[in-house]
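Below is one structure, written out as structure tokens; comments come after it.
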Amino acid sequence: MPAYQLYLGALNCRTTYDRIREFDIAEFGPDRELADTVRQLPDLEGLAAPLQLQREVAEVIASMPPSIRNTIREVMRGAIERRVAVTFAWRPGYDFKVEVTEALDSSSTRGGITVLLESRYPDDRRPQGDTSG
């Protein structure tokens, strides 16, 4: 969905090496819900109606399985702590999915973390109790 890509593009401007530590690591603690953290992020640059989009993204995050939400939260905690850039991307898919890769620093360049998220489009509802397969 273009809105996810738009939101994540703006978020990626805040998760660079130079800016990742602007996030409060406590907001990504194990006692915090990731959707609540997203709802409370300061405005992201370049977004029209950022708060509406932020609420919509937070609703999607809240609907994700806990394993996915916790993975994203822990990636952010580690990145803030180690000052590693994170790049987020989204693509459509059947179920929720997260894929995390990390390229380590080398002698000539810095590494970084890539988080690829996958989910259905918001209007593409999951089958409820469909046992006909």
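Ligands are numbered from 1 in the order shown, chains are lettered A, B, ... in the order of the structure tokens, and residues start at 1 in each chain.
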
Checklist line | Selection: 12 Å around stretch 102-104 of chain A, only C-alpha atoms, excl. self and same-chain fewer than 2 positions, as a PyMOL selection string | finding: chain A and resi 75+78-79+82+84-87+99-100+106-116

Item checked: Interatomic distance (Å, one decimal) between atom CA of A:Ala58 and atom CA of A:Val38 -> 5.8 Å

Notebook entry, point to check: Please, which residues of chain A, numbered as in this document, come out strand (DSSP E or B) from DSSP, as an MDAnalysis selection string?
Noted result: chainID A and resid 86:92 97:103 112:119

Next item on the list: Check the smallest atom-to-atom distance from each of A:Asn70, A:Leu117, A:Asp124, A:Arg14 to A:Pro42 using only C-alpha atoms, then report the winner.
Entry: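 Closest to A:Pro42, using only C-alpha atoms: A:Arg14.
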
Next item on the list: Looking only at alpha helix (DSSP H) from DSSP on the backbone, list the matching residues of chain A as a VMD selection string.
Entry: chain A and resid 2 to 12 34 to 39 50 to 63 66 to 82

Written selection (C-alpha atoms) as a PDB file, in the first residue's frame:
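Below you can see result_9.pdb, which holds the result:
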```pdb
ATOM      1  CA  PRO A   2       1.576   3.301  -0.978  1.00  0.00           C
ATOM      2  CA  ALA A   3       0.739   4.805   2.426  1.00  0.00           C
ATOM      3  CA  TYR A   4       2.945   2.232   4.180  1.00  0.00           C
ATOM      4  CA  GLN A   5       5.807   2.966   1.839  1.00  0.00           C
ATOM      5  CA  LEU A   6       5.300   6.709   2.293  1.00  0.00           C
ATOM      6  CA  TYR A   7       5.275   6.363   6.085  1.00  0.00           C
ATOM      7  CA  LEU A   8       8.278   4.052   6.177  1.00  0.00           C
ATOM      8  CA  GLY A   9      10.203   6.369   3.849  1.00  0.00           C
ATOM      9  CA  ALA A  10       9.672   9.229   6.297  1.00  0.00           C
ATOM     10  CA  LEU A  11      10.575   6.954   9.221  1.00  0.00           C
ATOM     11  CA  ASN A  12      13.769   5.895   7.419  1.00  0.00           C
ATOM     12  CA  LEU A  34       5.068  -0.901  19.711  1.00  0.00           C
ATOM     13  CA  ALA A  35       1.767   0.533  18.430  1.00  0.00           C
ATOM     14  CA  ASP A  36       1.679   2.997  21.350  1.00  0.00           C
ATOM     15  CA  THR A  37       5.250   4.040  20.608  1.00  0.00           C
ATOM     16  CA  VAL A  38       4.376   4.668  16.953  1.00  0.00           C
ATOM     17  CA  ARG A  39       1.328   6.739  17.945  1.00  0.00           C
ATOM     18  CA  PRO A  50       1.111  12.737   9.414  1.00  0.00           C
ATOM     19  CA  LEU A  51      -0.977  12.065  12.516  1.00  0.00           C
ATOM     20  CA  GLN A  52      -3.758  10.314  10.578  1.00  0.00           C
ATOM     21  CA  LEU A  53      -1.249   8.117   8.772  1.00  0.00           C
ATOM     22  CA  GLN A  54       0.572   7.476  12.040  1.00  0.00           C
ATOM     23  CA  ARG A  55      -2.676   6.287  13.667  1.00  0.00           C
ATOM     24  CA  GLU A  56      -3.430   4.017  10.715  1.00  0.00           C
ATOM     25  CA  VAL A  57       0.055   2.489  10.808  1.00  0.00           C
ATOM     26  CA  ALA A  58      -0.260   2.038  14.594  1.00  0.00           C
ATOM     27  CA  GLU A  59      -3.542   0.133  14.078  1.00  0.00           C
ATOM     28  CA  VAL A  60      -1.841  -2.203  11.610  1.00  0.00           C
ATOM     29  CA  ILE A  61       1.034  -2.741  14.032  1.00  0.00           C
ATOM     30  CA  ALA A  62      -1.419  -3.493  16.850  1.00  0.00           C
ATOM     31  CA  SER A  63      -3.007  -6.194  14.661  1.00  0.00           C
ATOM     32  CA  PRO A  66       3.216 -10.420  19.099  1.00  0.00           C
ATOM     33  CA  SER A  67       6.281 -12.176  17.665  1.00  0.00           C
ATOM     34  CA  ILE A  68       6.432  -9.680  14.789  1.00  0.00           C
ATOM     35  CA  ARG A  69       5.818  -6.620  17.004  1.00  0.00           C
ATOM     36  CA  ASN A  70       8.436  -7.765  19.510  1.00  0.00           C
ATOM     37  CA  THR A  71      10.985  -8.425  16.766  1.00  0.00           C
ATOM     38  CA  ILE A  72      10.604  -4.892  15.391  1.00  0.00           C
ATOM     39  CA  ARG A  73      10.789  -3.416  18.895  1.00  0.00           C
ATOM     40  CA  GLU A  74      13.979  -5.321  19.740  1.00  0.00           C
ATOM     41  CA  VAL A  75      15.605  -4.423  16.423  1.00  0.00           C
ATOM     42  CA  MET A  76      14.980  -0.759  17.235  1.00  0.00           C
ATOM     43  CA  ARG A  77      16.316  -1.151  20.791  1.00  0.00           C
ATOM     44  CA  GLY A  78      19.512  -2.719  19.538  1.00  0.00           C
ATOM     45  CA  ALA A  79      19.947  -0.180  16.748  1.00  0.00           C
ATOM     46  CA  ILE A  80      19.505   2.773  19.099  1.00  0.00           C
ATOM     47  CA  GLU A  81      21.911   1.264  21.603  1.00  0.00           C
ATOM     48  CA  ARG A  82      24.577   0.450  18.998  1.00  0.00           C
TER      49      ARG A  82
END
```

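Here atom CA of A:Gly93 stands at a distance of 14.7 Å from atom CA of A:Pro65.
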
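Of the residues under consideration (A:Ser119, A:Glu33, A:Arg83, A:Phe96), A:Arg83 shows the shortest atom-to-atom contact distance to A:Arg21 when counting only C-alpha atoms.
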
Next item on the list: Mind giving me the straight-line distance from atom CA of A:Phe88 to atom CA of A:Glu118 in Å, one decimal?
Entry: 10.9 Å
